[in-house]
Structures are given as C-alpha cells and as structure tokens.
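Each remark here refers to the structure printed beneath this line.
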Amino acid sequence: MNEKYLSVSDGERCPVCNNSTMKVTAREIDVPHFGQTLLYSSLCQNCGFRQSWQYPLEARSPHRYTLYVSEPSDLTSRVIKSNVASIRIPELGFSLESKMSSDPFITNVEGVLQRAKSATQTLNSWADSKEEKEKIEKVFQKIEKAIAGELPFHLIIEDPLGISTIEATNPKKLKVEELRSSEDAQ
C-alpha cells in the first residue's frame, strides 16, 4: 500500500477535553478496491479521543448493483462499500443512506445483514411506543430469516462515485447498471 504524508499538525484543540493536545495527520494512501484515498486522523494526546475520515480521490462512473440473494451460498458474496454509497434491502425495509462521514467497508452479504441487525437493535432501544417496537421487531425477525437463508431478498448498492461493488458467488444473480448522473442513484 503506497502512502504519502501530506500534513501533520500538533496542538489542535480536542473537542472532548478542550486541551490543545490533538495531533492531526493527513495522508494519501492507495487502498485495494477503493483506489487513492485521503485519510485524515486525529488523536488527543491527553484524553485519547480518536477520529478519522476517509475521502476517495478517484471517481468512476456511477453504478447500481442489485444482487438477488435466494440461497445460503449467496450470503458469502463480497460487498465493497465506499463512504458515499447507499445500501437498500427493500424486502426487509432496510436502508443505509450515503453520507460523506460514513465508513467504507469490505464484508459479505451476511456481514451487511449483521450490520442491519445491529442497527435494528439500536433503533428498538430508542423506540418510544409499543407500536414502534413491534414494527422494529418485525424487521428484526425478517433480518434473522434472511441471515438463516430462509428469506430471499435483493441487496442494492448505489454509488455515485462508482467505487463500490458486489462480487457475487453466482454472477447470474447480479445486475449491474451504469447510472447517468447522481440523481439517477435515488
């Protein structure tokens, strides 16, 4: 992995302890599957607060990947998600919307379902009403069935920078569409 330091700054103010003990580093790195990436990281020498951001420096044409998951072997298909990509699973009522601050990741379809399961558990803990909890519980049960390979679904990734992809165990179940513009990815 090639790496080039762009800047290092000491003495920045920490948002947690308010001391001027933050070290901020910016570097350009070549990350497999993602390409050239700008990585900012900060660490407070006083309280240990850490934060990092990744920004892709390469863009490709916008794409939408749709994988039909209908059997347990499909759960091992690799999922590569950039920090600007959105993931949707319509049959489960799950979506992970793109934000520049979201973390990129490489996992498999089951890993995406585990993330959905975790997010659903968090939502359930925040739910105010019995109706909300029941609705979230239904989504949770669908996710559990999908993880067990008992519920077919479509995994859709839309990436306006074209960095994300799905490497399907069965390529015949994968549909790839090039989008004309970022508005088409919605």
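Residues in the structure tokens are numbered from 1 in each chain, the chains being A, B, ... in the order shown, and ligands are numbered from 1 in the order shown.
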
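Excluding Ile156 of chain A itself and same-chain residues fewer than 6 positions from it, the residues having an atom within 7 Å of it are Arg64, Tyr65, Thr66, Leu67, Ile87, Arg88 and Ile89 of chain A, counting only C-alpha atoms.
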
Query raised in the report: Can you list every residue in segment 2-178 of chain A that DSSP puts in strand (DSSP E or B), as a PyMOL selection string?
Result: chain A and resi 3-12+22-31+35-44+50-56+63-69+78-81+86-89+94-96+105-108+153-159+165-167+174-178

Query raised in the report: Per DSSP on the backbone, what are the helix (DSSP H, G or I) residues of chain A, as a PyMOL selection string?
Result: chain A and resi 72-76+90-92+109-126+130-147+171-173+182-185

Query - Residues within 8 Å of segment 164-168 of chain A, only C-alpha atoms, excluding chain neighbours under 5 positions, as a ChimeraX atom specification - result: /A:34,65,67,74,77-82,85,157-159,173-174

So that I can check the surroundings of Glu12 of chain A, please list as a short mmCIF file (atom, residue, chain, number, x, y, z; two decimals) with N, CA and C atoms, in the first residue's frame every protein, DNA and RNA residue that reaches within 7 Å of it, counting only C-alpha atoms and ignoring chain neighbours fewer than 5 positions away.
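Output saved as part31.cif:
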```cif
data_model
loop_
_atom_site.label_atom_id
_atom_site.label_comp_id
_atom_site.auth_asym_id
_atom_site.auth_seq_id
_atom_site.Cartn_x
_atom_site.Cartn_y
_atom_site.Cartn_z
N SER A 20 -5.32 21.67 24.02
CA SER A 20 -4.65 21.80 22.72
C SER A 20 -3.61 20.68 22.58
N THR A 21 -4.10 19.46 22.60
CA THR A 21 -3.22 18.29 22.58
C THR A 21 -3.57 17.31 21.47
N MET A 22 -4.28 17.79 20.44
CA MET A 22 -4.66 16.93 19.32
C MET A 22 -3.56 16.92 18.27
N LYS A 23 -3.28 15.73 17.77
CA LYS A 23 -2.37 15.58 16.63
C LYS A 23 -3.24 15.16 15.45
#
```

Quick one: contact table of segment 89-174 of chain A to segment 40-63 of chain A, 8 Å max, nearest atom pair and distance in Å to one decimal per residue, counting only C-alpha atoms, chain and number order, as a Markdown table?
```
| residue | atom | partner | partner_atom | distance |
| --- | --- | --- | --- | --- |
| A:Met100 | CA | A:Tyr55 | CA | 7.6 |
| A:Ser101 | CA | A:Trp53 | CA | 6.6 |
| A:Asp103 | CA | A:Gln54 | CA | 7.4 |
| A:Pro104 | CA | A:Gln54 | CA | 7.9 |
| A:Glu158 | CA | A:His63 | CA | 5.9 |
| A:Asp159 | CA | A:His63 | CA | 5.6 |
| A:Pro160 | CA | A:Pro62 | CA | 4.3 |
| A:Leu161 | CA | A:Ala59 | CA | 4.8 |
| A:Gly162 | CA | A:Pro62 | CA | 4.4 |
| A:Ile163 | CA | A:Arg60 | CA | 6.5 |
```

Restricting the output to N, CA and C atoms, write the selected residues as a PDB file, in the first residue's frame.
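Contents of selection01.pdb, as written:
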```
ATOM      1  N   MET A 100     -20.994  11.438   3.601  1.00  0.00           N
ATOM      2  CA  MET A 100     -19.538  11.535   3.463  1.00  0.00           C
ATOM      3  C   MET A 100     -18.826  11.074   4.721  1.00  0.00           C
ATOM      4  N   SER A 101     -19.510  11.134   5.875  1.00  0.00           N
ATOM      5  CA  SER A 101     -18.860  10.745   7.121  1.00  0.00           C
ATOM      6  C   SER A 101     -18.998   9.255   7.425  1.00  0.00           C
ATOM      7  N   ASP A 103     -18.390   5.228   7.177  1.00  0.00           N
ATOM      8  CA  ASP A 103     -17.172   4.462   6.947  1.00  0.00           C
ATOM      9  C   ASP A 103     -17.323   3.535   5.753  1.00  0.00           C
ATOM     10  N   PRO A 104     -16.290   3.454   4.932  1.00  0.00           N
ATOM     11  CA  PRO A 104     -16.287   2.437   3.882  1.00  0.00           C
ATOM     12  C   PRO A 104     -16.032   1.082   4.528  1.00  0.00           C
ATOM     13  N   GLU A 158     -25.943   1.564  -4.432  1.00  0.00           N
ATOM     14  CA  GLU A 158     -25.858   2.664  -5.398  1.00  0.00           C
ATOM     15  C   GLU A 158     -24.700   3.553  -4.983  1.00  0.00           C
ATOM     16  N   ASP A 159     -23.791   3.790  -5.909  1.00  0.00           N
ATOM     17  CA  ASP A 159     -22.598   4.570  -5.602  1.00  0.00           C
ATOM     18  C   ASP A 159     -22.379   5.626  -6.671  1.00  0.00           C
ATOM     19  N   PRO A 160     -22.531   6.904  -6.308  1.00  0.00           N
ATOM     20  CA  PRO A 160     -22.343   7.967  -7.297  1.00  0.00           C
ATOM     21  C   PRO A 160     -20.900   8.094  -7.777  1.00  0.00           C
ATOM     22  N   LEU A 161     -19.938   7.533  -7.016  1.00  0.00           N
ATOM     23  CA  LEU A 161     -18.541   7.573  -7.435  1.00  0.00           C
ATOM     24  C   LEU A 161     -18.094   6.283  -8.111  1.00  0.00           C
ATOM     25  N   GLY A 162     -18.952   5.278  -8.126  1.00  0.00           N
ATOM     26  CA  GLY A 162     -18.648   4.022  -8.805  1.00  0.00           C
ATOM     27  C   GLY A 162     -17.548   3.197  -8.159  1.00  0.00           C
ATOM     28  N   ILE A 163     -17.259   3.427  -6.894  1.00  0.00           N
ATOM     29  CA  ILE A 163     -16.185   2.706  -6.203  1.00  0.00           C
ATOM     30  C   ILE A 163     -16.693   1.383  -5.634  1.00  0.00           C
TER      31      ILE A 163
END
```

Report task. Name the residues in contact with Pro72 of chain A at a cut-off of 10 Å, using only C-alpha atoms, excluding same-chain residues fewer than 4 positions from it; report them as a list in words. Result -> Thr76, Glu110, Ala146, Ile147, Ala148, Gly149, Glu150, Leu151 and Pro152 of chain A

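Coordinates place atom CA of Phe140 of chain A at a distance of 8.5 Å from atom CA of Leu92 of chain A.
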